[in-house]
Amino acid sequence: MTIATHMATFLEKSSWIRKMFEEGARLKAIHGAERVFDFSLGNPYMQPPQRFKEQLKRVAECDQIGIHSYMPNPGYPFVRESVAAYLSGEYGADISENEILMTCGAAGGLNVILKTILDPGDEVITPAPYFVEYGFYADNHGGRLKTVQTHTDFTLNLAAIEEAITDKTKAVLINSPNNPTGQIYSKESIDALGDLLLQKSRALDRTIYLVSDEPYRKIVYDGITVPSIFSAYPNSLVATSYSKDLSIPGERIGFIAINPRADYKTDLISAMALANRILGFVNAPAFMQRLVGALQGESVDISHYARKRELLCDGLKDCGYDFVKPPGTFYLFPRSPIEDDVKFVQALQEELILAVPGSGFGGPGHIRLAFCVDDQTITDAMPGFEKAIKRFT
C-alpha cells in the first residue's frame with residue numbers, strides 16, 4: 001500500500017457529491033453538455049456582483065510595497081476591523097477585530113476551530129442530514145462525529161441532541177441554512193439549544209461549544225432571517241465564507257467569529273491563530289482579504305435564486321415529488337419515491353439528470369438537488385424527472 005490505510009478507507013467512503021461531479025463530466029463527454037442536467041454540485045452559477053469586480057480591479061492595481069507579504073496569522077487588522085463592525089450589527093453583539101480570524105473559507109475555519117478545541121476521543125454532535133465533510137474534519141483532529149436525526153421537516157430535534165450528549169461531547173456543530181435540506185433553525189430552537197448546552201456544560205463541568213457553519217446565511221427567502229447564535233449561548237463560534245453570497249467559492253476566503261462573551265476567549269483567539277499557522281494555512285489569502293474587507297454586506301442578487309427555487313419546486317410538485325420547500329440555500333432535498341435513494345439516483349442518471357443520494361448526507365430516502373444552475377437546465381430536466389418517478393409510482 002503506497003498511501004496511508006486511513007486515507008484508503010476514506011477513499012472508499014469519499015463524497016457522493018464529487019462522484020456525481022465526475023459522472024457528470026463523463027456523461028457530458030458522451031452526450032454533450034447541453035443534454036446533461038447537472039444538479040449535483042453546489043457550484044454557484046451566478047457571477048459575482050459588480051462591486052466585487054470593481055474592487056478586484058482596484059486591489060490588483062495597488063502597488064503598495066509589501067502588499068503581498070505575510071501578515072499576522074489571524075489576518076490584516078483593518079480587514080478584521082471591517083468584518084467586526086459589520087457583524088456587530090448583524091449579530092447584535094459588540095464584536096471587535098480581535099474576535100475575528102480570517103480563514104481559507106468556512107472549511108478552513110472549521111478545521112481551525114476543531115484543531116483548537118478537540119482532544120483525542122472528543123465527540124462533535126451534528127444534526128442529520130449534514131454536510132458529509134464534517135466527519136473528515138472531526139477525524140483530522142482526533143475527534144469523532146456523532147450524528148442525531150432532525151424532525152421530518154429537518155428542524156432541530158432537541159431531545160435527540162440532549163440524549164447524545166456525554167462526558168466526551170466537546171461541541172455541537174450546526175449548519176443553518178442547512179446543506180443539504182435548505183432548512184433554517186428557528187430562534188426559538190437555537191435559544192433552547194443554548195439553554196440545553198449551558199445546563200449540560202455545568203452538569204458535566206466541561207465547556208461544550210456551539211459552532212455554527214454559515215456560508216449560506218445570506219441566501220434566504222420569503223423575508224426570513226437567520227438567528228444569531230451569539231445571543232443564545234456564550235461559548236459559541238461561527239465559521240463562514242464569502243463563497244456563496246459573493247459567488248466566489250474557488251477563492252477560498254472566509255472567517256471565524258468568536259462570541260465576545262466566551263469564557264476562554266483569550267485562549268481561543270491565541271490557539272486559533274496558532275492553528276491557522278500550523279495547519280499550513282498560515283494566513284488567509286492576502287489579495288482576497290483586502291478585497292472582501294471593502295465588501296461587507298454585499299451579495300449576489302438572491303432574487304435569482306428565489307426564482308430558480310420556484311421553478312424547480314413547481315415543476316417537481318407537478319411531477320409528484322414530495323419535499324419540504326427550503327427557506328434558504330440553493331438546495332432541494334426531495335423524498336425518493338423508493339427507499340433505495342441510490343437506485344433512484346441511478347434512474348435519474350438514465351434520464352441524464354445528476355442528483356446526489358441523500359444517504360451521502362445522513363438522510364437516506366432522499367435526493368439532493370442543487371438549483372444554482374441556469375433556468376434552462378431546470379425546465380429542460382422536467383420531462384426526465386417525470387419519467388423517472390413514474391417508473392416507481
# chains A, B, ... in the order shown; residues from 1 in each chain; ligands from 1
>>> select_by_dssp(residues="segment 163-375 of chain A", states="helix (DSSP H, G or I)", output="PyMOL selection string")
chain A and resi 163-164+187-204+249-251+265-278+286-293+302-319+341-350+358-361+375
>>> closest_atom_pairs(of="segment 95-171 of chain A", to="segment 332-335 of chain A", cutoff="12 Å", atoms="only C-alpha atoms", output="tab-separated table")
residue	atom	partner	partner_atom	distance
A:Pro129	CA	A:Phe333	CA	9.7
A:Tyr130	CA	A:Phe333	CA	11.7
A:Thr152	CA	A:Arg335	CA	10.7
A:Asp153	CA	A:Phe333	CA	10.5
A:Phe154	CA	A:Phe333	CA	10.0
>>> write_last_selection(atoms="C-alpha atoms", output="short mmCIF file (atom, residue, chain, number, x, y, z; two decimals), in the first residue's frame")
data_model
loop_
_atom_site.label_atom_id
_atom_site.label_comp_id
_atom_site.auth_asym_id
_atom_site.auth_seq_id
_atom_site.Cartn_x
_atom_site.Cartn_y
_atom_site.Cartn_z
CA PRO A 129 -28.87 15.45 7.33
CA TYR A 130 -25.46 17.15 7.39
CA THR A 152 -39.23 15.04 9.50
CA ASP A 153 -39.25 18.69 8.38
CA PHE A 154 -35.48 18.84 9.15
#
>>> residues_around(residues="segment 308-316 of chain A", least_positions_apart="6", cutoff="7 Å", atoms="only C-alpha atoms", output="list in words")
Phe371, Asp375, Ile378 and Met382 of chain A
>>> write_last_selection(atoms="C-alpha atoms", output="compact mmCIF listing (two decimals), in the first residue's frame")
# COMPACT_ATOMS: atom_id res chain seq x y z
CA PHE A 371 -30.56 24.57 -8.18
CA ASP A 375 -33.13 28.23 -15.71
CA ILE A 378 -34.31 23.21 -14.66
CA MET A 382 -38.56 18.20 -16.04
>>> atom_distance(atom1="atom CA of Ser270 of chain A", atom2="atom CA of Tyr76 of chain A")
15.5 Å
>>> closest_residue(among="A:Ser69, A:Ser303, A:Ser40, A:Thr116", to="Ile269 of chain A", atoms="only C-alpha atoms")
A:Thr116
>>> select_by_dssp(residues="segment 41-175 of chain A", states="strand (DSSP E)", output="count of residues only")
23
>>> closest_residue(among="A:Ser243, A:Thr9, A:Gln64, A:Thr103", to="Val282 of chain A", atoms="only C-alpha atoms")
A:Thr103
>>> residues_around(residues="Met46 of chain A", least_positions_apart="3", cutoff="10 Å", atoms="only C-alpha atoms", output="MDAnalysis selection string")
chainID A and resid 43 49 244:248 300:302 304:305 372:374
>>> write_last_selection(atoms="N, CA and C atoms", output="mmCIF file, in the first residue's frame")
data_model
loop_
_atom_site.group_PDB
_atom_site.id
_atom_site.type_symbol
_atom_site.label_atom_id
_atom_site.label_comp_id
_atom_site.auth_asym_id
_atom_site.auth_seq_id
_atom_site.Cartn_x
_atom_site.Cartn_y
_atom_site.Cartn_z
ATOM 1 N N ASN A 43 -22.145 24.576 -6.900
ATOM 2 C CA ASN A 43 -21.167 25.474 -7.502
ATOM 3 C C ASN A 43 -21.931 26.656 -8.092
ATOM 4 N N PRO A 49 -21.082 39.989 -7.796
ATOM 5 C CA PRO A 49 -21.693 41.312 -8.015
ATOM 6 C C PRO A 49 -20.711 42.299 -8.625
ATOM 7 N N LYS A 244 -20.562 31.636 -1.225
ATOM 8 C CA LYS A 244 -21.903 31.576 -1.784
ATOM 9 C C LYS A 244 -22.520 32.952 -1.975
ATOM 10 N N ASP A 245 -22.368 33.858 -0.980
ATOM 11 C CA ASP A 245 -23.038 35.155 -1.133
ATOM 12 C C ASP A 245 -22.348 36.055 -2.152
ATOM 13 N N LEU A 246 -21.041 35.873 -2.360
ATOM 14 C CA LEU A 246 -20.356 36.625 -3.415
ATOM 15 C C LEU A 246 -20.100 35.777 -4.662
ATOM 16 N N SER A 247 -20.465 34.501 -4.595
ATOM 17 C CA SER A 247 -20.302 33.580 -5.727
ATOM 18 C C SER A 247 -18.833 33.433 -6.116
ATOM 19 N N ILE A 248 -17.969 33.186 -5.096
ATOM 20 C CA ILE A 248 -16.526 33.052 -5.341
ATOM 21 C C ILE A 248 -15.960 31.844 -4.594
ATOM 22 N N VAL A 300 -24.689 38.600 -4.090
ATOM 23 C CA VAL A 300 -25.348 38.480 -5.380
ATOM 24 C C VAL A 300 -26.842 38.757 -5.181
ATOM 25 N N ASP A 301 -27.551 38.914 -6.269
ATOM 26 C CA ASP A 301 -28.987 39.176 -6.209
ATOM 27 C C ASP A 301 -29.720 37.871 -5.889
ATOM 28 N N ILE A 302 -30.172 37.742 -4.646
ATOM 29 C CA ILE A 302 -30.780 36.499 -4.191
ATOM 30 C C ILE A 302 -32.102 36.226 -4.904
ATOM 31 N N HIS A 304 -32.646 35.964 -7.911
ATOM 32 C CA HIS A 304 -32.425 34.990 -8.993
ATOM 33 C C HIS A 304 -32.538 33.561 -8.450
ATOM 34 N N TYR A 305 -31.967 33.325 -7.270
ATOM 35 C CA TYR A 305 -32.091 32.000 -6.657
ATOM 36 C C TYR A 305 -33.537 31.734 -6.237
ATOM 37 N N CYS A 372 -28.537 25.906 -8.197
ATOM 38 C CA CYS A 372 -27.708 27.050 -8.598
ATOM 39 C C CYS A 372 -27.221 26.823 -10.032
ATOM 40 N N VAL A 373 -28.187 26.675 -10.924
ATOM 41 C CA VAL A 373 -27.932 26.377 -12.329
ATOM 42 C C VAL A 373 -28.753 27.345 -13.168
ATOM 43 N N ASP A 374 -28.548 27.336 -14.482
ATOM 44 C CA ASP A 374 -29.342 28.208 -15.337
ATOM 45 C C ASP A 374 -30.783 27.692 -15.420
#
>>> closest_atom_pairs(of="segment 16-121 of chain A", to="segment 172-180 of chain A", cutoff="12 Å", atoms="only C-alpha atoms", output="tab-separated table")
residue	atom	partner	partner_atom	distance
A:Ile17	CA	A:Pro180	CA	11.0
A:Ser40	CA	A:Pro180	CA	11.0
A:Leu41	CA	A:Pro180	CA	10.8
A:Gly42	CA	A:Asn179	CA	9.3
A:Ala106	CA	A:Asn175	CA	11.1
A:Leu110	CA	A:Leu173	CA	9.5
A:Ile113	CA	A:Leu173	CA	10.8
A:Leu114	CA	A:Leu173	CA	10.3
A:Ile117	CA	A:Val172	CA	11.9
>>> closest_residue(among="A:Phe39, A:Phe230, A:Tyr185, A:Tyr221", to="Ile258 of chain A", atoms="only C-alpha atoms")
A:Phe230
